[in-house]
Amino acid sequence: MNALEIHNLGKTYVNGNIALEDVSLHVPKGSFFALLGPNGAGKSTLINILADTVKASTGDVTLLGKDLWQHRAWCKRHLGVVPQEIAFDPFFSPREILRFSRGMYGQKADDAWVDELLMRLELTQHAHKITRQLSGGMRRRLLVAQALVHKPKIVILDEPTAGVDVELRKRLWTFMRELNAAGTTILLTTHYLEEAEELCNHVAIIDKGKVITSQSMSALLGDVASSALWLRYAKPVQLSDTQAQALADFNPRVCGEYELCLTLNKKESGSDFNDAYQAAVQYLGAPLDAGVRQEDLEDVFLRLTNKDESS
Ligand code: ADP
């Protein structure tokens with residue numbers, strides 16, 4: 001059973017921007033699902049459609065087997081969305097906002113749960129302040145609490161940890177893991193690919209409004225990831241068009257400024273890492289150091305979306 005089924009979703013904004021094109025995705029029930037994509041890929045548009053703040057142009061979505069738009073009230077009760085944008089009434093306190101939110105979902109008061117959320121999101125000390133006095137990080141945590149206040153079965157988090165410091169981020173993920181272990185399906189977008197690799201058991205990558213891949217994390221890292229040859233140079237690596245073209249067979253990518261990363265096209269039987277190394281030496285000069293390692297999620301993501309880290 002899938003928690004979410006998205007079929008042929010398309011979105012063209014009124015100004016003609018095509019944000020999503022024929023997107024189909026299945027989010028298995030109980031999964032911890034990473035929705036990844038470079039800036040402008042369409043992630044927020046997709047999430048905003050699910051949250052009902054943006055209207056889809058085409059396609060349909062079912063949530064726990066029910067049509068999202070036909071059963072809007074029912075779906076809202078089972079869905080918690082943490083949007084990217086923060087908008088609270090500045091004169092209410094976190095505790096008041098959480099209490100009201102439960103009421104808005106048609107649920108009776110549950111102060112024990114509100115207290116637990118405030119505690120887990122490290123807002124207890126700030127529960128009575130007006131939100132205008134809260135820092136950006138606190139407001140973001142309040143958004144997470146608000147999305148969880150009605151105990152939804154599916155939680156969608158759009159960059160929930162942007163601007164949240166490392167230690168707090170870890171504690172937030174521990175909490176999300178616990179919710180997931182208790183049966184909540186979690187879909188998240190994040191720029192922290194290391195975190196996505198560690199937390200998520202499914203991953204979809206979208207780019208320019210289209211799905212590039214959607215599969216289990218283990219399948220992606222097992223089947224799609226390949227060995228990569230890295231070469232470290234004394235100076236920052238910047239590939240000219242000629243160099244990029246000359247190395248095109250080896251998917252050249254600049255990683256972390258000083259490194260060139262090359263992978264072999266699996267279908268191409270003729271070439272090996274020796275050829276890749278020789279080509280790099282020919283076009284960029286001899287590296288200080290070189291080696292072979294298995295690609296991680298970030299490598300696969302950057303290769304599939306054709307980005308280097310400097311862009
Ligand atoms: P992501 O969240 O992956 O960065 P978005 O969903 O924000 O991507 O954007 C996808 C595309 O839609 C981009 O080209 C963006 O410029 C465009 N877009 C997003 N919101 C609007 C809007 N309100 N009006 C017009 N174009 C938009």
# chains A, B, ... in the order shown; residues from 1 in each chain; ligands from 1
>>> residues_around(residues="A:Leu36", least_positions_apart="2", cutoff="8 Å", atoms="only C-alpha atoms", output="list in words")
Ala34, Pro38, Lys43, Thr189, Thr190, His191, Val203, Ala204, Ile205 and Ile206 of chain A
>>> residues_near_ligand(ligand="ligand 1", cutoff="10 Å", atoms="only C-alpha atoms and all ligand atoms", output="count of residues only")
34
>>> residues_around(residues="A:Ala109", least_positions_apart="2", cutoff="12 Å", atoms="only C-alpha atoms", output="JSON, numbers by chain")
{"A": [95, 96, 98, 99, 100, 101, 102, 103, 104, 105, 106, 107, 111, 112, 113, 114, 115, 149, 150]}
>>> closest_residue(among="A:His71, A:Tyr277, A:Glu197, A:Leu79", to="A:Gln146", atoms="only C-alpha atoms")
A:Leu79
>>> closest_residue(among="A:Leu123, A:Leu187, A:Ala182, A:Met138", to="A:Val155", atoms="only C-alpha atoms")
A:Leu187
>>> select_by_dssp(residues="stretch 67-188 of chain A", states="strand (DSSP E or B)", output="list of chain:residue names")
A:Asp67, A:Leu79, A:Gly80, A:Val81, A:Val82, A:Ile154, A:Val155, A:Ile156, A:Leu157, A:Asp158, A:Thr185, A:Ile186, A:Leu187, A:Leu188
>>> residues_around(residues="A:Leu284", least_positions_apart="3", cutoff="10 Å", atoms="only C-alpha atoms", output="list of chain:residue names")
A:Tyr233, A:Val237, A:Gln238, A:Leu239, A:Ser240, A:Gln243, A:Leu260, A:Gln278, A:Ala279, A:Ala280, A:Val281, A:Pro287
>>> write_last_selection(atoms="N, CA, C and O atoms", output="PDB file, in the first residue's frame")
ATOM      1  N   TYR A 233      43.979  18.156  -7.331  1.00  0.00           N
ATOM      2  CA  TYR A 233      44.955  19.072  -7.923  1.00  0.00           C
ATOM      3  C   TYR A 233      45.393  20.130  -6.919  1.00  0.00           C
ATOM      4  O   TYR A 233      44.713  20.376  -5.923  1.00  0.00           O
ATOM      5  N   VAL A 237      40.029  23.378  -9.569  1.00  0.00           N
ATOM      6  CA  VAL A 237      39.771  22.840 -10.906  1.00  0.00           C
ATOM      7  C   VAL A 237      38.612  23.613 -11.534  1.00  0.00           C
ATOM      8  O   VAL A 237      37.544  23.749 -10.927  1.00  0.00           O
ATOM      9  N   GLN A 238      38.837  24.136 -12.704  1.00  0.00           N
ATOM     10  CA  GLN A 238      37.744  24.768 -13.454  1.00  0.00           C
ATOM     11  C   GLN A 238      37.814  24.222 -14.864  1.00  0.00           C
ATOM     12  O   GLN A 238      38.807  24.443 -15.560  1.00  0.00           O
ATOM     13  N   LEU A 239      36.794  23.505 -15.255  1.00  0.00           N
ATOM     14  CA  LEU A 239      36.848  22.866 -16.570  1.00  0.00           C
ATOM     15  C   LEU A 239      36.422  23.835 -17.665  1.00  0.00           C
ATOM     16  O   LEU A 239      35.345  24.434 -17.583  1.00  0.00           O
ATOM     17  N   SER A 240      37.286  23.989 -18.666  1.00  0.00           N
ATOM     18  CA  SER A 240      36.873  24.779 -19.826  1.00  0.00           C
ATOM     19  C   SER A 240      35.950  23.902 -20.674  1.00  0.00           C
ATOM     20  O   SER A 240      35.873  22.683 -20.475  1.00  0.00           O
ATOM     21  N   GLN A 243      37.949  21.141 -22.274  1.00  0.00           N
ATOM     22  CA  GLN A 243      38.303  20.047 -21.358  1.00  0.00           C
ATOM     23  C   GLN A 243      37.074  19.190 -21.048  1.00  0.00           C
ATOM     24  O   GLN A 243      37.157  17.965 -21.037  1.00  0.00           O
ATOM     25  N   LEU A 260      38.727  16.580  -9.235  1.00  0.00           N
ATOM     26  CA  LEU A 260      37.978  16.203 -10.427  1.00  0.00           C
ATOM     27  C   LEU A 260      37.505  14.771 -10.194  1.00  0.00           C
ATOM     28  O   LEU A 260      38.263  13.924  -9.707  1.00  0.00           O
ATOM     29  N   GLN A 278      44.481   8.768 -17.783  1.00  0.00           N
ATOM     30  CA  GLN A 278      45.361   9.294 -18.840  1.00  0.00           C
ATOM     31  C   GLN A 278      44.751  10.526 -19.501  1.00  0.00           C
ATOM     32  O   GLN A 278      45.440  11.509 -19.773  1.00  0.00           O
ATOM     33  N   ALA A 279      43.431  10.467 -19.727  1.00  0.00           N
ATOM     34  CA  ALA A 279      42.755  11.604 -20.368  1.00  0.00           C
ATOM     35  C   ALA A 279      42.826  12.831 -19.463  1.00  0.00           C
ATOM     36  O   ALA A 279      43.075  13.951 -19.924  1.00  0.00           O
ATOM     37  N   ALA A 280      42.621  12.613 -18.138  1.00  0.00           N
ATOM     38  CA  ALA A 280      42.670  13.747 -17.205  1.00  0.00           C
ATOM     39  C   ALA A 280      44.067  14.352 -17.192  1.00  0.00           C
ATOM     40  O   ALA A 280      44.228  15.576 -17.212  1.00  0.00           O
ATOM     41  N   VAL A 281      45.089  13.501 -17.191  1.00  0.00           N
ATOM     42  CA  VAL A 281      46.477  14.003 -17.185  1.00  0.00           C
ATOM     43  C   VAL A 281      46.743  14.794 -18.465  1.00  0.00           C
ATOM     44  O   VAL A 281      47.339  15.865 -18.448  1.00  0.00           O
ATOM     45  N   PRO A 287      47.749  15.043 -11.433  1.00  0.00           N
ATOM     46  CA  PRO A 287      47.196  15.442 -10.138  1.00  0.00           C
ATOM     47  C   PRO A 287      48.207  15.229  -9.011  1.00  0.00           C
ATOM     48  O   PRO A 287      49.206  14.515  -9.203  1.00  0.00           O
TER      49      PRO A 287
END
>>> residues_around(residues="A:Ala87", least_positions_apart="2", cutoff="10 Å", atoms="only C-alpha atoms", output="PyMOL selection string")
chain A and resi 83-85+89-90+131+139-140+143
>>> atom_distance(atom1="atom CA of A:Ala73", atom2="atom CA of A:Gly10")
22.7 Å
>>> residues_around(residues="A:Leu172", least_positions_apart="6", cutoff="9 Å", atoms="only C-alpha atoms", output="number ranges by chain")
A: 120-121, 141, 161
>>> write_last_selection(atoms="all heavy atoms", output="mmCIF file, in the first residue's frame")
data_model
loop_
_atom_site.group_PDB
_atom_site.id
_atom_site.type_symbol
_atom_site.label_atom_id
_atom_site.label_comp_id
_atom_site.auth_asym_id
_atom_site.auth_seq_id
_atom_site.Cartn_x
_atom_site.Cartn_y
_atom_site.Cartn_z
ATOM 1 N N ARG A 120 10.067 18.304 22.578
ATOM 2 C CA ARG A 120 10.915 17.651 21.576
ATOM 3 C C ARG A 120 11.506 18.656 20.585
ATOM 4 O O ARG A 120 12.586 18.445 20.041
ATOM 5 C CB ARG A 120 10.121 16.572 20.817
ATOM 6 C CG ARG A 120 9.686 15.384 21.643
ATOM 7 C CD ARG A 120 10.828 14.689 22.360
ATOM 8 N NE ARG A 120 11.839 14.115 21.513
ATOM 9 C CZ ARG A 120 11.909 12.836 21.149
ATOM 10 N NH1 ARG A 120 11.002 11.996 21.578
ATOM 11 N NH2 ARG A 120 12.889 12.407 20.390
ATOM 12 N N LEU A 121 10.786 19.732 20.367
ATOM 13 C CA LEU A 121 11.286 20.733 19.433
ATOM 14 C C LEU A 121 11.990 21.877 20.164
ATOM 15 O O LEU A 121 12.278 22.929 19.586
ATOM 16 C CB LEU A 121 10.161 21.216 18.524
ATOM 17 C CG LEU A 121 9.756 20.064 17.596
ATOM 18 C CD1 LEU A 121 8.345 20.183 17.107
ATOM 19 C CD2 LEU A 121 10.710 19.948 16.418
ATOM 20 N N ARG A 141 11.078 25.490 13.911
ATOM 21 C CA ARG A 141 10.699 24.347 14.761
ATOM 22 C C ARG A 141 9.217 24.391 15.115
ATOM 23 O O ARG A 141 8.549 23.367 15.206
ATOM 24 C CB ARG A 141 11.555 24.337 16.027
ATOM 25 C CG ARG A 141 12.843 23.564 15.825
ATOM 26 C CD ARG A 141 14.023 24.253 16.408
ATOM 27 N NE ARG A 141 13.915 24.560 17.800
ATOM 28 C CZ ARG A 141 14.602 25.547 18.393
ATOM 29 N NH1 ARG A 141 15.418 26.290 17.681
ATOM 30 N NH2 ARG A 141 14.471 25.767 19.683
ATOM 31 N N THR A 161 15.277 21.732 8.081
ATOM 32 C CA THR A 161 16.429 22.047 8.928
ATOM 33 C C THR A 161 17.284 23.173 8.376
ATOM 34 O O THR A 161 18.355 23.430 8.885
ATOM 35 C CB THR A 161 17.296 20.784 9.139
ATOM 36 O OG1 THR A 161 17.585 20.226 7.869
ATOM 37 C CG2 THR A 161 16.601 19.784 10.015
#
>>> residues_around(residues="A:Leu63", least_positions_apart="6", cutoff="12 Å", atoms="only C-alpha atoms", output="VMD selection string")
chain A and resid 1 to 7 25 to 29 50 to 51 69 to 79 152 to 155 185
>>> write_last_selection(atoms="N, CA, C and O atoms", output="tab-separated table (two decimals), in the first residue's frame")
chain	number	residue	atom	x	y	z
A	1	MET	N	0.85	-1.20	0.00
A	1	MET	CA	0.00	0.00	0.00
A	1	MET	C	0.88	1.25	0.00
A	1	MET	O	1.87	1.32	0.73
A	2	ASN	N	0.50	2.20	-0.82
A	2	ASN	CA	1.25	3.45	-0.86
A	2	ASN	C	0.55	4.53	-0.04
A	2	ASN	O	-0.68	4.63	-0.06
A	3	ALA	N	1.35	5.31	0.69
A	3	ALA	CA	0.78	6.41	1.45
A	3	ALA	C	0.33	7.51	0.47
A	3	ALA	O	-0.71	8.11	0.64
A	4	LEU	N	1.14	7.70	-0.56
A	4	LEU	CA	0.85	8.74	-1.56
A	4	LEU	C	1.07	8.16	-2.94
A	4	LEU	O	2.08	7.49	-3.19
A	5	GLU	N	0.13	8.43	-3.83
A	5	GLU	CA	0.33	8.06	-5.24
A	5	GLU	C	0.09	9.31	-6.08
A	5	GLU	O	-0.99	9.88	-6.04
A	6	ILE	N	1.11	9.68	-6.79
A	6	ILE	CA	1.03	10.89	-7.61
A	6	ILE	C	1.08	10.45	-9.06
A	6	ILE	O	2.00	9.73	-9.47
A	7	HIS	N	0.03	10.82	-9.82
A	7	HIS	CA	-0.04	10.37	-11.22
A	7	HIS	C	-0.02	11.55	-12.18
A	7	HIS	O	-0.89	12.41	-12.11
A	25	LEU	N	4.84	9.50	-8.97
A	25	LEU	CA	5.67	9.01	-7.85
A	25	LEU	C	4.80	8.19	-6.91
A	25	LEU	O	3.65	8.54	-6.68
A	26	HIS	N	5.38	7.16	-6.33
A	26	HIS	CA	4.69	6.38	-5.31
A	26	HIS	C	5.51	6.45	-4.03
A	26	HIS	O	6.70	6.15	-4.04
A	27	VAL	N	4.86	6.86	-2.97
A	27	VAL	CA	5.56	6.93	-1.68
A	27	VAL	C	5.01	5.80	-0.81
A	27	VAL	O	3.86	5.85	-0.37
A	28	PRO	N	5.81	4.73	-0.59
A	28	PRO	CA	5.29	3.59	0.18
A	28	PRO	C	4.93	3.98	1.61
A	28	PRO	O	5.59	4.81	2.21
A	29	LYS	N	3.88	3.33	2.11
A	29	LYS	CA	3.44	3.57	3.48
A	29	LYS	C	4.58	3.20	4.43
A	29	LYS	O	5.21	2.16	4.26
A	50	LEU	N	0.45	19.39	-2.81
A	50	LEU	CA	-0.03	18.43	-1.80
A	50	LEU	C	-0.66	19.17	-0.61
A	50	LEU	O	-1.62	18.71	-0.01
A	51	ALA	N	-0.08	20.35	-0.29
A	51	ALA	CA	-0.59	21.13	0.83
A	51	ALA	C	-1.81	21.96	0.43
A	51	ALA	O	-2.38	22.66	1.26
A	69	TRP	N	-8.23	15.66	-3.73
A	69	TRP	CA	-9.10	16.83	-3.89
A	69	TRP	C	-10.56	16.51	-3.58
A	69	TRP	O	-11.28	17.34	-3.06
A	70	GLN	N	-10.97	15.27	-3.88
A	70	GLN	CA	-12.35	14.92	-3.57
A	70	GLN	C	-12.59	14.75	-2.08
A	70	GLN	O	-13.67	14.95	-1.57
A	71	HIS	N	-11.53	14.30	-1.39
A	71	HIS	CA	-11.66	14.06	0.06
A	71	HIS	C	-10.73	15.00	0.80
A	71	HIS	O	-9.94	14.57	1.65
A	72	ARG	N	-10.79	16.27	0.46
A	72	ARG	CA	-9.84	17.25	0.97
A	72	ARG	C	-9.80	17.30	2.50
A	72	ARG	O	-8.72	17.27	3.10
A	73	ALA	N	-10.96	17.35	3.14
A	73	ALA	CA	-10.99	17.50	4.60
A	73	ALA	C	-10.38	16.27	5.26
A	73	ALA	O	-9.57	16.36	6.19
A	74	TRP	N	-10.75	15.09	4.76
A	74	TRP	CA	-10.22	13.83	5.31
A	74	TRP	C	-8.70	13.80	5.13
A	74	TRP	O	-7.95	13.46	6.05
A	75	CYS	N	-8.25	14.15	3.93
A	75	CYS	CA	-6.81	14.10	3.65
A	75	CYS	C	-6.05	15.10	4.52
A	75	CYS	O	-4.97	14.79	5.01
A	76	LYS	N	-6.62	16.26	4.72
A	76	LYS	CA	-5.96	17.28	5.55
A	76	LYS	C	-5.71	16.76	6.95
A	76	LYS	O	-4.69	17.08	7.56
A	77	ARG	N	-6.67	15.98	7.46
A	77	ARG	CA	-6.51	15.46	8.82
A	77	ARG	C	-5.38	14.45	8.92
A	77	ARG	O	-4.86	14.19	9.99
A	78	HIS	N	-5.06	13.83	7.79
A	78	HIS	CA	-4.03	12.78	7.82
A	78	HIS	C	-2.68	13.23	7.30
A	78	HIS	O	-1.75	12.44	7.18
A	79	LEU	N	-2.62	14.50	6.96
A	79	LEU	CA	-1.40	15.04	6.36
A	79	LEU	C	-0.88	16.21	7.19
A	79	LEU	O	-1.66	17.07	7.60
A	152	PRO	N	-0.59	13.43	12.27
A	152	PRO	CA	-0.90	12.95	10.92
A	152	PRO	C	-0.17	11.64	10.58
A	152	PRO	O	0.87	11.35	11.17
A	153	LYS	N	-0.73	10.91	9.64
A	153	LYS	CA	-0.11	9.64	9.22
A	153	LYS	C	1.02	9.88	8.22
A	153	LYS	O	1.90	9.06	8.04
A	154	ILE	N	0.90	11.02	7.53
A	154	ILE	CA	1.93	11.38	6.54
A	154	ILE	C	2.44	12.78	6.86
A	154	ILE	O	1.64	13.70	7.05
A	155	VAL	N	3.75	12.90	6.94
A	155	VAL	CA	4.34	14.20	7.24
A	155	VAL	C	5.24	14.60	6.08
A	155	VAL	O	6.06	13.80	5.60
A	185	THR	N	4.58	7.96	7.80
A	185	THR	CA	5.32	8.09	6.54
A	185	THR	C	5.89	9.51	6.48
A	185	THR	O	5.17	10.47	6.75
>>> closest_residue(among="A:Ile156, A:Ala147, A:Val211, A:Met176", to="A:Leu9", atoms="only C-alpha atoms")
A:Val211
>>> closest_residue(among="A:Ile86, A:Ala228, A:Leu220, A:Ala286", to="A:Ser135", atoms="only C-alpha atoms")
A:Ile86
